[in-house]
$ cat work-v1.pdb   # PDB, C-alpha atoms (C1' of nucleotides)
MODEL        1
ATOM      1  CA  MET A 882      11.661  14.073  -1.761
ATOM      2  CA  HIS A 883       9.520  11.801   0.393
ATOM      3  CA  SER A 884       9.679   8.085  -0.324
ATOM      4  CA  SER A 885       6.866   6.773  -2.460
ATOM      5  CA  GLU A 886       6.306   4.155   0.205
ATOM      6  CA  LEU A 887       4.953   6.801   2.554
ATOM      7  CA  LEU A 888       2.821   8.413  -0.093
ATOM      8  CA  LYS A 889       0.855   5.224  -0.570
ATOM      9  CA  GLY A 890      -2.531   5.653   0.966
ATOM     10  CA  THR A 891      -2.403   9.412   1.446
ATOM     11  CA  LEU A 892      -2.274  10.440  -2.185
ATOM     12  CA  LYS A 893      -6.016  10.349  -2.805
ATOM     13  CA  THR A 894      -6.699  12.487   0.260
ATOM     14  CA  ILE A 895      -4.036  14.983  -0.799
ATOM     15  CA  VAL A 896      -5.500  15.296  -4.283
ATOM     16  CA  MET A 897      -9.031  15.783  -2.976
ATOM     17  CA  LYS A 898      -7.958  18.288  -0.338
ATOM     18  CA  VAL A 899      -6.048  20.387  -2.872
ATOM     19  CA  LEU A 900      -9.063  20.346  -5.185
ATOM     20  CA  LYS A 901     -11.283  21.383  -2.299
ATOM     21  CA  GLU A 902      -9.173  24.402  -1.383
ATOM     22  CA  GLY A 903      -7.789  25.292  -4.783
ATOM     23  CA  GLY A 904     -11.005  24.741  -6.706
ATOM     24  CA  ARG A 905     -11.337  23.693 -10.325
ATOM     25  CA  MET A 906      -8.036  22.350 -11.579
ATOM     26  CA  TYR A 907      -6.624  20.191 -14.381
ATOM     27  CA  GLY A 908      -4.349  17.209 -13.890
ATOM     28  CA  TYR A 909      -1.049  18.733 -14.803
ATOM     29  CA  GLU A 910      -1.856  21.775 -12.695
ATOM     30  CA  LEU A 911      -2.607  19.556  -9.710
ATOM     31  CA  VAL A 912       0.803  17.934  -9.969
ATOM     32  CA  GLN A 913       2.495  21.357 -10.009
ATOM     33  CA  ARG A 914       0.372  22.683  -7.165
ATOM     34  CA  VAL A 915       1.121  19.749  -4.891
ATOM     35  CA  LYS A 916       4.806  19.973  -5.755
ATOM     36  CA  GLU A 917       4.754  23.662  -4.880
ATOM     37  CA  ILE A 918       2.786  23.379  -1.624
ATOM     38  CA  SER A 919       4.933  20.478  -0.448
ATOM     39  CA  GLY A 920       8.147  22.393  -1.030
ATOM     40  CA  ASP A 921       9.172  20.066  -3.858
ATOM     41  CA  THR A 922       8.895  16.971  -1.669
ATOM     42  CA  ILE A 923       5.825  15.406  -3.256
ATOM     43  CA  GLN A 924       5.951  14.653  -6.960
ATOM     44  CA  ILE A 925       2.765  12.940  -8.112
ATOM     45  CA  THR A 926       3.413  10.685 -11.075
ATOM     46  CA  GLU A 927       1.034  10.812 -14.012
ATOM     47  CA  GLY A 928       0.616   7.048 -13.911
ATOM     48  CA  ALA A 929      -0.841   7.404 -10.436
ATOM     49  CA  LEU A 930      -2.797  10.603 -10.992
ATOM     50  CA  TYR A 931      -4.857  10.044 -14.118
ATOM     51  CA  PRO A 932      -6.283   6.627 -13.240
ATOM     52  CA  MET A 933      -7.092   8.021  -9.788
ATOM     53  CA  LEU A 934      -8.941  11.008 -11.242
ATOM     54  CA  HIS A 935     -10.897   8.744 -13.590
ATOM     55  CA  ALA A 936     -11.864   6.453 -10.731
ATOM     56  CA  LEU A 937     -12.971   9.403  -8.595
ATOM     57  CA  GLU A 938     -15.086  10.712 -11.445
ATOM     58  CA  LEU A 939     -16.664   7.304 -11.936
ATOM     59  CA  ALA A 940     -17.435   7.200  -8.213
ATOM     60  CA  GLY A 941     -19.204  10.557  -8.425
ATOM     61  CA  GLU A 942     -16.665  12.440  -6.310
ATOM     62  CA  LEU A 943     -15.427  14.584  -9.193
ATOM     63  CA  LYS A 944     -16.946  16.180 -12.248
ATOM     64  CA  THR A 945     -15.087  17.291 -15.358
ATOM     65  CA  GLU A 946     -15.284  20.126 -17.856
ATOM     66  CA  LYS A 947     -13.328  20.079 -21.083
ATOM     67  CA  GLU A 948     -11.867  23.256 -22.509
ATOM     68  CA  MET A 949     -10.012  23.917 -25.727
ATOM     69  CA  ILE A 950      -6.678  25.641 -25.191
ATOM     70  CA  GLY A 951      -5.431  26.370 -28.692
ATOM     71  CA  LYS A 952      -5.639  22.988 -30.384
ATOM     72  CA  ARG A 953      -5.489  20.999 -27.167
ATOM     73  CA  VAL A 954      -8.210  19.686 -24.910
ATOM     74  CA  ARG A 955      -7.734  20.411 -21.252
ATOM     75  CA  LYS A 956      -9.788  18.563 -18.638
ATOM     76  CA  TYR A 957     -10.748  20.472 -15.535
ATOM     77  CA  TYR A 958     -11.703  18.534 -12.448
ATOM     78  CA  SER A 959     -13.726  19.769  -9.511
ATOM     79  CA  LEU A 960     -15.351  18.158  -6.479
ATOM     80  CA  THR A 961     -19.031  17.320  -6.522
ATOM     81  CA  PRO A 962     -21.037  17.990  -3.331
ATOM     82  CA  GLN A 963     -20.567  14.299  -2.544
ATOM     83  CA  GLY A 964     -16.837  14.711  -3.170
ATOM     84  CA  LYS A 965     -16.646  17.606  -0.739
ATOM     85  CA  THR A 966     -18.299  15.581   1.997
ATOM     86  CA  GLU A 967     -15.972  12.683   1.289
ATOM     87  CA  THR A 968     -12.951  14.997   1.385
ATOM     88  CA  LYS A 969     -13.910  16.328   4.805
ATOM     89  CA  ALA A 970     -14.200  12.785   6.117
ATOM     90  CA  ARG A 971     -10.878  11.762   4.580
ATOM     91  CA  VAL A 972      -9.074  14.805   5.971
ATOM     92  CA  LYS A 973     -10.477  14.140   9.422
ATOM     93  CA  GLU A 974      -9.403  10.523   9.204
ATOM     94  CA  LEU A 975      -5.897  11.465   8.086
ATOM     95  CA  GLU A 976      -5.575  13.986  10.903
ATOM     96  CA  ALA A 977      -6.555  11.329  13.413
ATOM     97  CA  PHE A 978      -4.064   8.924  11.894
ATOM     98  CA  ILE A 979      -1.311  11.530  12.144
ATOM     99  CA  GLU A 980      -2.094  11.963  15.838
ATOM    100  CA  THR A 981      -1.746   8.225  16.337
ATOM    101  CA  LEU A 982       1.532   8.192  14.452
ATOM    102  CA  LYS A 983       2.886  10.980  16.609
ATOM    103  CA  ILE A 984       1.999   9.061  19.751
ATOM    104  CA  ILE A 985       3.963   6.091  18.465
ATOM    105  CA  LEU A 986       6.908   8.188  17.305
ATOM    106  CA  GLU A 987       7.057   9.945  20.655
ATOM    107  CA  TRP A 988       6.637   6.780  22.656
ATOM    108  CA  GLU A 989       9.860   6.039  24.497
ATOM    109  CA  LYS A 990       9.441   3.168  26.870
ATOM    110  CA  ASN A 991      12.916   3.224  28.308
ATOM    111  CA  LYS A 992      13.059   6.937  28.945
ATOM    112  CA  VAL A 993      13.276   7.723  32.645
ATOM    113  CA  HIS A 994      11.055  10.623  33.613
ATOM    114  CA  ALA A 995      12.205  13.292  36.080
TER     115      ALA A 995
ATOM    116  CA  MET B 774      -9.826   1.932  13.717
ATOM    117  CA  HIS B 775      -7.735   3.660  11.051
ATOM    118  CA  SER B 776      -8.287   2.586   7.474
ATOM    119  CA  SER B 777      -5.790   0.085   6.176
ATOM    120  CA  GLU B 778      -5.246   2.406   3.239
ATOM    121  CA  LEU B 779      -3.472   4.890   5.488
ATOM    122  CA  LEU B 780      -1.410   2.254   7.206
ATOM    123  CA  LYS B 781       0.218   1.295   3.940
ATOM    124  CA  GLY B 782       3.770   2.516   3.917
ATOM    125  CA  THR B 783       4.003   3.390   7.601
ATOM    126  CA  LEU B 784       3.686  -0.103   9.008
ATOM    127  CA  LYS B 785       7.337  -1.059   8.691
ATOM    128  CA  THR B 786       8.445   2.136  10.397
ATOM    129  CA  ILE B 787       5.945   1.576  13.207
ATOM    130  CA  VAL B 788       7.149  -1.973  13.787
ATOM    131  CA  MET B 789      10.798  -0.941  13.827
ATOM    132  CA  LYS B 790      10.191   2.021  16.124
ATOM    133  CA  VAL B 791       8.267  -0.110  18.628
ATOM    134  CA  LEU B 792      11.071  -2.667  18.586
ATOM    135  CA  LYS B 793      13.595   0.098  19.123
ATOM    136  CA  GLU B 794      11.843   1.498  22.182
ATOM    137  CA  GLY B 795      10.273  -1.660  23.546
ATOM    138  CA  GLY B 796      13.273  -3.899  22.948
ATOM    139  CA  ARG B 797      13.223  -7.626  22.281
ATOM    140  CA  MET B 798       9.718  -8.720  21.356
ATOM    141  CA  TYR B 799       7.917 -11.584  19.637
ATOM    142  CA  GLY B 800       5.431 -11.200  16.829
ATOM    143  CA  TYR B 801       2.208 -11.661  18.711
ATOM    144  CA  GLU B 802       3.467  -9.321  21.423
ATOM    145  CA  LEU B 803       4.246  -6.668  18.828
ATOM    146  CA  VAL B 804       0.685  -6.780  17.531
ATOM    147  CA  GLN B 805      -0.702  -6.323  21.062
ATOM    148  CA  ARG B 806       1.773  -3.565  21.897
ATOM    149  CA  VAL B 807       0.956  -1.529  18.797
ATOM    150  CA  LYS B 808      -2.759  -2.031  19.414
ATOM    151  CA  GLU B 809      -2.315  -0.791  22.977
ATOM    152  CA  ILE B 810      -0.113   2.227  22.188
ATOM    153  CA  SER B 811      -2.430   3.280  19.361
ATOM    154  CA  GLY B 812      -5.494   3.200  21.579
ATOM    155  CA  ASP B 813      -6.952   0.247  19.673
ATOM    156  CA  THR B 814      -6.774   2.083  16.335
ATOM    157  CA  ILE B 815      -3.987   0.073  14.716
ATOM    158  CA  GLN B 816      -4.475  -3.658  14.375
ATOM    159  CA  ILE B 817      -1.565  -5.269  12.557
ATOM    160  CA  THR B 818      -2.647  -8.372  10.690
ATOM    161  CA  GLU B 819      -0.530 -11.489  10.928
ATOM    162  CA  GLY B 820      -0.447 -11.793   7.151
ATOM    163  CA  ALA B 821       1.329  -8.453   7.026
ATOM    164  CA  LEU B 822       3.512  -8.859  10.098
ATOM    165  CA  TYR B 823       5.256 -12.194   9.708
ATOM    166  CA  PRO B 824       6.421 -11.788   6.104
ATOM    167  CA  MET B 825       7.636  -8.306   7.046
ATOM    168  CA  LEU B 826       9.625  -9.611  10.020
ATOM    169  CA  HIS B 827      11.162 -12.338   7.867
ATOM    170  CA  ALA B 828      12.143  -9.827   5.215
ATOM    171  CA  LEU B 829      13.683  -7.500   7.809
ATOM    172  CA  GLU B 830      15.675 -10.378   9.251
ATOM    173  CA  LEU B 831      16.911 -11.348   5.794
ATOM    174  CA  ALA B 832      17.927  -7.739   5.223
ATOM    175  CA  GLY B 833      19.977  -7.775   8.416
ATOM    176  CA  GLU B 834      17.809  -5.249  10.255
ATOM    177  CA  LEU B 835      16.549  -7.777  12.798
ATOM    178  CA  LYS B 836      17.957 -10.778  14.583
ATOM    179  CA  THR B 837      15.979 -13.586  16.189
ATOM    180  CA  GLU B 838      16.242 -15.789  19.254
ATOM    181  CA  LYS B 839      14.047 -18.825  19.719
ATOM    182  CA  GLU B 840      12.782 -19.782  23.138
ATOM    183  CA  MET B 841      10.767 -22.761  24.284
ATOM    184  CA  ILE B 842       7.666 -21.776  26.205
ATOM    185  CA  GLY B 843       6.245 -25.059  27.412
ATOM    186  CA  LYS B 844       5.996 -27.081  24.230
ATOM    187  CA  ARG B 845       5.906 -24.083  21.935
ATOM    188  CA  VAL B 846       8.651 -22.206  20.162
ATOM    189  CA  ARG B 847       8.530 -18.458  20.522
ATOM    190  CA  LYS B 848      10.586 -16.229  18.231
ATOM    191  CA  TYR B 849      11.948 -13.058  19.719
ATOM    192  CA  TYR B 850      12.948 -10.267  17.386
ATOM    193  CA  SER B 851      15.304  -7.406  18.114
ATOM    194  CA  LEU B 852      17.017  -4.726  16.055
ATOM    195  CA  THR B 853      20.595  -5.183  14.931
ATOM    196  CA  PRO B 854      22.882  -2.135  15.068
ATOM    197  CA  GLN B 855      22.146  -1.692  11.370
ATOM    198  CA  GLY B 856      18.426  -1.923  12.144
ATOM    199  CA  LYS B 857      18.708   0.797  14.780
ATOM    200  CA  THR B 858      20.372   3.142  12.327
ATOM    201  CA  GLU B 859      17.746   2.340   9.722
ATOM    202  CA  THR B 860      14.975   2.952  12.243
ATOM    203  CA  LYS B 861      16.316   6.389  13.109
ATOM    204  CA  ALA B 862      16.377   7.296   9.426
ATOM    205  CA  ARG B 863      12.867   5.972   8.857
ATOM    206  CA  VAL B 864      11.463   7.818  11.870
ATOM    207  CA  LYS B 865      13.079  11.041  10.714
ATOM    208  CA  GLU B 866      11.657  10.545   7.241
ATOM    209  CA  LEU B 867       8.182   9.853   8.596
ATOM    210  CA  GLU B 868       8.309  12.934  10.812
ATOM    211  CA  ALA B 869       9.254  15.052   7.813
ATOM    212  CA  PHE B 870       6.443  13.524   5.801
ATOM    213  CA  ILE B 871       3.958  14.291   8.584
ATOM    214  CA  GLU B 872       5.080  17.920   8.540
ATOM    215  CA  THR B 873       4.440  18.065   4.801
ATOM    216  CA  LEU B 874       1.024  16.490   5.258
ATOM    217  CA  LYS B 875       0.125  19.047   7.891
ATOM    218  CA  ILE B 876       1.075  21.887   5.569
ATOM    219  CA  ILE B 877      -1.241  20.481   2.932
ATOM    220  CA  LEU B 878      -4.064  19.799   5.375
ATOM    221  CA  GLU B 879      -3.780  23.318   6.767
ATOM    222  CA  TRP B 880      -3.506  24.956   3.348
ATOM    223  CA  GLU B 881      -6.642  26.967   2.701
ATOM    224  CA  LYS B 882      -6.269  29.011  -0.439
ATOM    225  CA  ASN B 883      -9.637  30.722  -0.299
ATOM    226  CA  LYS B 884      -9.467  31.714   3.336
ATOM    227  CA  VAL B 885      -9.388  35.473   3.779
ATOM    228  CA  HIS B 886      -6.944  36.538   6.455
ATOM    229  CA  ALA B 887      -7.717  39.315   8.967
TER     230      ALA B 887
ATOM    231  C1'  DT C 609     -14.621 -32.115  30.754
ATOM    232  C1'  DT C 610     -15.111 -30.880  26.390
ATOM    233  C1'  DT C 611     -15.723 -26.703  23.914
ATOM    234  C1'  DA C 612     -14.427 -22.166  22.776
ATOM    235  C1'  DA C 613     -11.223 -18.550  22.899
ATOM    236  C1'  DT C 614      -6.564 -17.066  23.062
ATOM    237  C1'  DT C 615      -1.793 -17.561  22.083
ATOM    238  C1'  DA C 616       1.715 -18.191  18.452
ATOM    239  C1'  DC C 617       3.613 -19.231  14.405
ATOM    240  C1'  DA C 618       3.316 -19.481   9.082
ATOM    241  C1'  DT C 619       2.061 -19.131   4.015
ATOM    242  C1'  DA C 620      -0.781 -18.412  -0.240
ATOM    243  C1'  DA C 621      -4.112 -16.009  -3.059
ATOM    244  C1'  DG C 622      -5.902 -11.804  -4.127
ATOM    245  C1'  DA C 623      -6.863  -6.635  -3.772
ATOM    246  C1'  DA C 624      -5.197  -2.049  -3.751
ATOM    247  C1'  DT C 625      -1.966   1.427  -4.739
ATOM    248  C1'  DC C 626       1.771   2.977  -6.558
ATOM    249  C1'  DT C 627       6.141   3.328 -10.214
ATOM    250  C1'  DT C 628       8.132   2.900 -14.591
ATOM    251  C1'  DA C 629       7.676   2.736 -19.303
ATOM    252  C1'  DT C 630       5.522   4.021 -23.321
ATOM    253  C1'  DG C 631       2.645   6.634 -26.480
ATOM    254  C1'  DT C 632       0.543  10.816 -28.649
ATOM    255  C1'  DA C 633       0.511  15.605 -29.642
ATOM    256  C1'  DT C 634       0.901  20.707 -28.968
ATOM    257  C1'  DA C 635       3.457  24.687 -27.288
ATOM    258  C1'  DT C 636       7.370  27.123 -25.772
ATOM    259  C1'  DT C 637      12.121  28.075 -25.016
ATOM    260  C1'  DT C 638      17.000  27.737 -26.319
TER     261       DT C 638
ATOM    262  C1'  DA D 650      16.053  23.053 -35.372
ATOM    263  C1'  DA D 651      16.166  20.811 -31.214
ATOM    264  C1'  DA D 652      15.112  20.426 -26.617
ATOM    265  C1'  DT D 653      12.107  21.136 -22.992
ATOM    266  C1'  DA D 654       7.601  21.811 -21.066
ATOM    267  C1'  DT D 655       2.719  21.142 -21.339
ATOM    268  C1'  DA D 656      -1.128  17.817 -21.250
ATOM    269  C1'  DC D 657      -3.444  13.878 -21.725
ATOM    270  C1'  DA D 658      -3.634   8.527 -21.458
ATOM    271  C1'  DT D 659      -2.761   3.431 -20.642
ATOM    272  C1'  DA D 660      -0.222  -0.972 -19.724
ATOM    273  C1'  DA D 661       3.038  -3.839 -17.271
ATOM    274  C1'  DG D 662       5.110  -4.609 -13.126
ATOM    275  C1'  DA D 663       6.472  -3.873  -8.054
ATOM    276  C1'  DT D 664       5.137  -3.287  -3.461
ATOM    277  C1'  DT D 665       2.330  -3.574   0.371
ATOM    278  C1'  DC D 666      -1.337  -4.812   2.403
ATOM    279  C1'  DT D 667      -5.957  -8.014   3.511
ATOM    280  C1'  DT D 668      -8.316 -12.213   3.684
ATOM    281  C1'  DA D 669      -8.248 -16.933   3.980
ATOM    282  C1'  DT D 670      -6.320 -21.006   5.514
ATOM    283  C1'  DG D 671      -3.452 -24.112   8.200
ATOM    284  C1'  DT D 672      -1.143 -26.040  12.412
ATOM    285  C1'  DA D 673      -0.843 -26.584  17.242
ATOM    286  C1'  DA D 674      -0.492 -25.492  22.247
ATOM    287  C1'  DT D 675      -2.592 -23.181  26.153
ATOM    288  C1'  DT D 676      -6.158 -21.204  28.935
ATOM    289  C1'  DA D 677     -10.867 -19.917  30.064
ATOM    290  C1'  DA D 678     -15.651 -20.901  29.977
ATOM    291  C1'  DA D 679     -19.794 -23.836  29.627
TER     292       DA D 679
ENDMDL
END
$ encode --input "work-v1.pdb" --output "structure tokens"
Amino acid sequence: MHSSELLKGTLKTIVMKVLKEGGRMYGYELVQRVKEISGDTIQITEGALYPMLHALELAGELKTEKEMIGKRVRKYYSLTPQGKTETKARVKELEAFIETLKIILEWEKNKVHA
Amino acid sequence: MHSSELLKGTLKTIVMKVLKEGGRMYGYELVQRVKEISGDTIQITEGALYPMLHALELAGELKTEKEMIGKRVRKYYSLTPQGKTETKARVKELEAFIETLKIILEWEKNKVHA
DNA sequence: TTTAATTACATAAGAATCTTATGTATATTT
DNA sequence: AAATATACATAAGATTCTTATGTAATTAAA
């Protein structure tokens, strides 16, 4: 399990990316999907997820559809066109950041080269 | 310049790794060094750096040496043995997290394979 | 030469992002 | 029948950062 410290900042991008590739999904499903894809190393907490989804909807990045499953309401989220554009930008930004991180992690000043 | 959102959580690891490879360094120097290595994409703010260095010293990860440069006091930081061990663990953890991120970023459910 | 920019430290207030705790209620498995 | 899983939601609190502010010496520019 990755430390929650590292997850800070990347969680929103992860959620949007998974929605972009996986399509229409509800909250609980998203948590399971991310857990599965990450090989059980990323466990999104509900306290982080739901407020984030609500904020993204308010910002026009997501739209929702409610469905009755038995006696329960299930809320499906999907990206709006604006949300898809934003996701692409976020993914690109995260990829660039990862490249920078790798440069730092591979930087070894005191290593003598042959 | 990477968004500060992404930097959250990785900053401490970056600082410790740069101290591990670069050796004894003072705060201002650290900021410049990270800026340089990152190709001007990571700018550590002083408001984040100094409290972090103080906390790491208190935790026994760093030790300090003061030097007079003209009329000014300069504080050099370096990793303690404990800090070096901690840095290795943090770097390993970050590398693992990056691998997980890449899996998610490369995950394309709807892509049809040839 | 005096003004501005850079070097070098530090802290406080506030924003953002997450965890933990709590609550409600249905559905399924043991 | 009880426990676990499903499915939503919010509030309080912790952590981690930014922005703002302060001090003061040094160096470069006007």
$ resolve_selection --input "work-v1.pdb" --expression "the PyMOL selection byres ((chain D) within 7 of (chain B))" --output "list of chain:residue names"
D:DT665, D:DC666, D:DA674
$ interface_residues --input "work-v1.pdb" --of "chain A" --to "chain B" --cutoff "7 Å" --atoms "only C-alpha atoms" --output "count of residues only"
17
$ closest_atom_pairs --input "work-v1.pdb" --of "chain B" --to "chain C" --cutoff "8 Å" --atoms "only C-alpha atoms (C1' of nucleotides)" --output "CSV"
residue,atom,partner,partner_atom,distance
B:Tyr801,CA,C:DA616,C1',6.6
B:Tyr823,CA,C:DA618,C1',7.6
B:Arg847,CA,C:DA616,C1',7.1
$ closest_residue --input "work-v1.pdb" --among "B:Met798, B:Thr858, B:Val804, B:Tyr850" --to "His827 in chain B" --atoms "only C-alpha atoms"
B:Tyr850
$ atom_distance --input "work-v1.pdb" --atom1 "CA of Asp813 in chain B" --atom2 "CA of Gly964 in chain A"
28.8 Å
$ calpha_fit_and_write --input "work-v1.pdb" --fixed "chain B" --moving "chain A" --output "CSV table (one decimal) with C-alpha atoms, keeping the file's coordinate frame"
chain,number,residue,atom,x,y,z
A,882,MET,CA,-9.8,1.9,13.7
A,883,HIS,CA,-7.7,3.6,11.0
A,884,SER,CA,-8.3,2.5,7.5
A,885,SER,CA,-5.8,0.1,6.2
A,886,GLU,CA,-5.2,2.4,3.2
A,887,LEU,CA,-3.5,4.9,5.5
A,888,LEU,CA,-1.4,2.2,7.2
A,889,LYS,CA,0.2,1.2,3.9
A,890,GLY,CA,3.7,2.5,3.9
A,891,THR,CA,4.0,3.4,7.6
A,892,LEU,CA,3.7,-0.1,9.0
A,893,LYS,CA,7.3,-1.1,8.7
A,894,THR,CA,8.4,2.1,10.4
A,895,ILE,CA,5.9,1.6,13.2
A,896,VAL,CA,7.2,-2.0,13.8
A,897,MET,CA,10.8,-0.9,13.8
A,898,LYS,CA,10.2,2.0,16.1
A,899,VAL,CA,8.3,-0.1,18.6
A,900,LEU,CA,11.1,-2.7,18.6
A,901,LYS,CA,13.6,0.1,19.1
A,902,GLU,CA,11.9,1.5,22.2
A,903,GLY,CA,10.3,-1.6,23.5
A,904,GLY,CA,13.3,-3.9,22.9
A,905,ARG,CA,13.2,-7.6,22.3
A,906,MET,CA,9.7,-8.7,21.4
A,907,TYR,CA,7.9,-11.6,19.6
A,908,GLY,CA,5.4,-11.2,16.8
A,909,TYR,CA,2.2,-11.7,18.7
A,910,GLU,CA,3.5,-9.3,21.4
A,911,LEU,CA,4.2,-6.7,18.8
A,912,VAL,CA,0.7,-6.8,17.5
A,913,GLN,CA,-0.7,-6.3,21.1
A,914,ARG,CA,1.8,-3.6,21.9
A,915,VAL,CA,0.9,-1.5,18.8
A,916,LYS,CA,-2.8,-2.0,19.4
A,917,GLU,CA,-2.3,-0.8,23.0
A,918,ILE,CA,-0.1,2.2,22.2
A,919,SER,CA,-2.4,3.3,19.4
A,920,GLY,CA,-5.5,3.2,21.6
A,921,ASP,CA,-6.9,0.2,19.7
A,922,THR,CA,-6.8,2.1,16.3
A,923,ILE,CA,-4.0,0.1,14.7
A,924,GLN,CA,-4.5,-3.7,14.4
A,925,ILE,CA,-1.6,-5.3,12.5
A,926,THR,CA,-2.6,-8.4,10.7
A,927,GLU,CA,-0.5,-11.5,10.9
A,928,GLY,CA,-0.4,-11.8,7.2
A,929,ALA,CA,1.3,-8.5,7.0
A,930,LEU,CA,3.5,-8.9,10.1
A,931,TYR,CA,5.3,-12.2,9.7
A,932,PRO,CA,6.4,-11.8,6.1
A,933,MET,CA,7.6,-8.3,7.0
A,934,LEU,CA,9.6,-9.6,10.0
A,935,HIS,CA,11.2,-12.3,7.9
A,936,ALA,CA,12.2,-9.8,5.2
A,937,LEU,CA,13.7,-7.5,7.8
A,938,GLU,CA,15.7,-10.4,9.2
A,939,LEU,CA,16.9,-11.3,5.8
A,940,ALA,CA,18.0,-7.7,5.2
A,941,GLY,CA,20.0,-7.8,8.4
A,942,GLU,CA,17.8,-5.2,10.3
A,943,LEU,CA,16.6,-7.8,12.8
A,944,LYS,CA,18.0,-10.8,14.6
A,945,THR,CA,16.0,-13.6,16.2
A,946,GLU,CA,16.2,-15.8,19.2
A,947,LYS,CA,14.0,-18.8,19.7
A,948,GLU,CA,12.8,-19.8,23.1
A,949,MET,CA,10.7,-22.7,24.3
A,950,ILE,CA,7.6,-21.7,26.2
A,951,GLY,CA,6.2,-25.0,27.4
A,952,LYS,CA,5.9,-27.1,24.2
A,953,ARG,CA,5.9,-24.1,21.9
A,954,VAL,CA,8.6,-22.2,20.2
A,955,ARG,CA,8.5,-18.5,20.5
A,956,LYS,CA,10.6,-16.2,18.2
A,957,TYR,CA,12.0,-13.1,19.7
A,958,TYR,CA,13.0,-10.3,17.4
A,959,SER,CA,15.3,-7.4,18.1
A,960,LEU,CA,17.0,-4.7,16.0
A,961,THR,CA,20.6,-5.2,14.9
A,962,PRO,CA,22.9,-2.1,15.1
A,963,GLN,CA,22.2,-1.7,11.4
A,964,GLY,CA,18.4,-1.9,12.1
A,965,LYS,CA,18.7,0.8,14.8
A,966,THR,CA,20.4,3.2,12.3
A,967,GLU,CA,17.7,2.4,9.7
A,968,THR,CA,15.0,3.0,12.3
A,969,LYS,CA,16.3,6.4,13.1
A,970,ALA,CA,16.4,7.3,9.4
A,971,ARG,CA,12.9,6.0,8.9
A,972,VAL,CA,11.5,7.8,11.9
A,973,LYS,CA,13.1,11.1,10.7
A,974,GLU,CA,11.6,10.6,7.3
A,975,LEU,CA,8.2,9.9,8.6
A,976,GLU,CA,8.3,12.9,10.8
A,977,ALA,CA,9.2,15.1,7.8
A,978,PHE,CA,6.4,13.5,5.8
A,979,ILE,CA,3.9,14.3,8.6
A,980,GLU,CA,5.0,17.9,8.6
A,981,THR,CA,4.4,18.1,4.8
A,982,LEU,CA,1.0,16.5,5.3
A,983,LYS,CA,0.1,19.0,7.9
A,984,ILE,CA,1.0,21.9,5.6
A,985,ILE,CA,-1.3,20.5,3.0
A,986,LEU,CA,-4.1,19.8,5.4
A,987,GLU,CA,-3.8,23.3,6.8
A,988,TRP,CA,-3.6,24.9,3.4
A,989,GLU,CA,-6.7,26.9,2.7
A,990,LYS,CA,-6.3,29.0,-0.4
A,991,ASN,CA,-9.7,30.7,-0.2
A,992,LYS,CA,-9.4,31.7,3.4
A,993,VAL,CA,-9.3,35.5,3.8
A,994,HIS,CA,-6.7,36.6,6.4
A,995,ALA,CA,-7.4,39.4,8.8
$ resolve_selection --input "work-v1.pdb" --expression "the PyMOL selection byres ((chain A and resi 943) around 10)" --output "PyMOL selection string"
chain A and resi 897+900+934-942+944-945+957-965
$ atom_distance --input "work-v1.pdb" --atom1 "CA of Gly908 in chain A" --atom2 "C1' of DT659 in chain D"
15.4 Å
$ atom_distance --input "work-v1.pdb" --atom1 "CA of Lys947 in chain A" --atom2 "CA of Arg905 in chain A"
11.5 Å
$ axis_aligned_box --input "work-v1.pdb" --around "range 652-663 of chain D" --padding-each-side "8 Å" --output "lines of an AutoDock Vina configuration file"
center_x = 5.7
center_y = 8.6
center_z = -17.3
size_x = 34.7
size_y = 42.4
size_z = 34.6
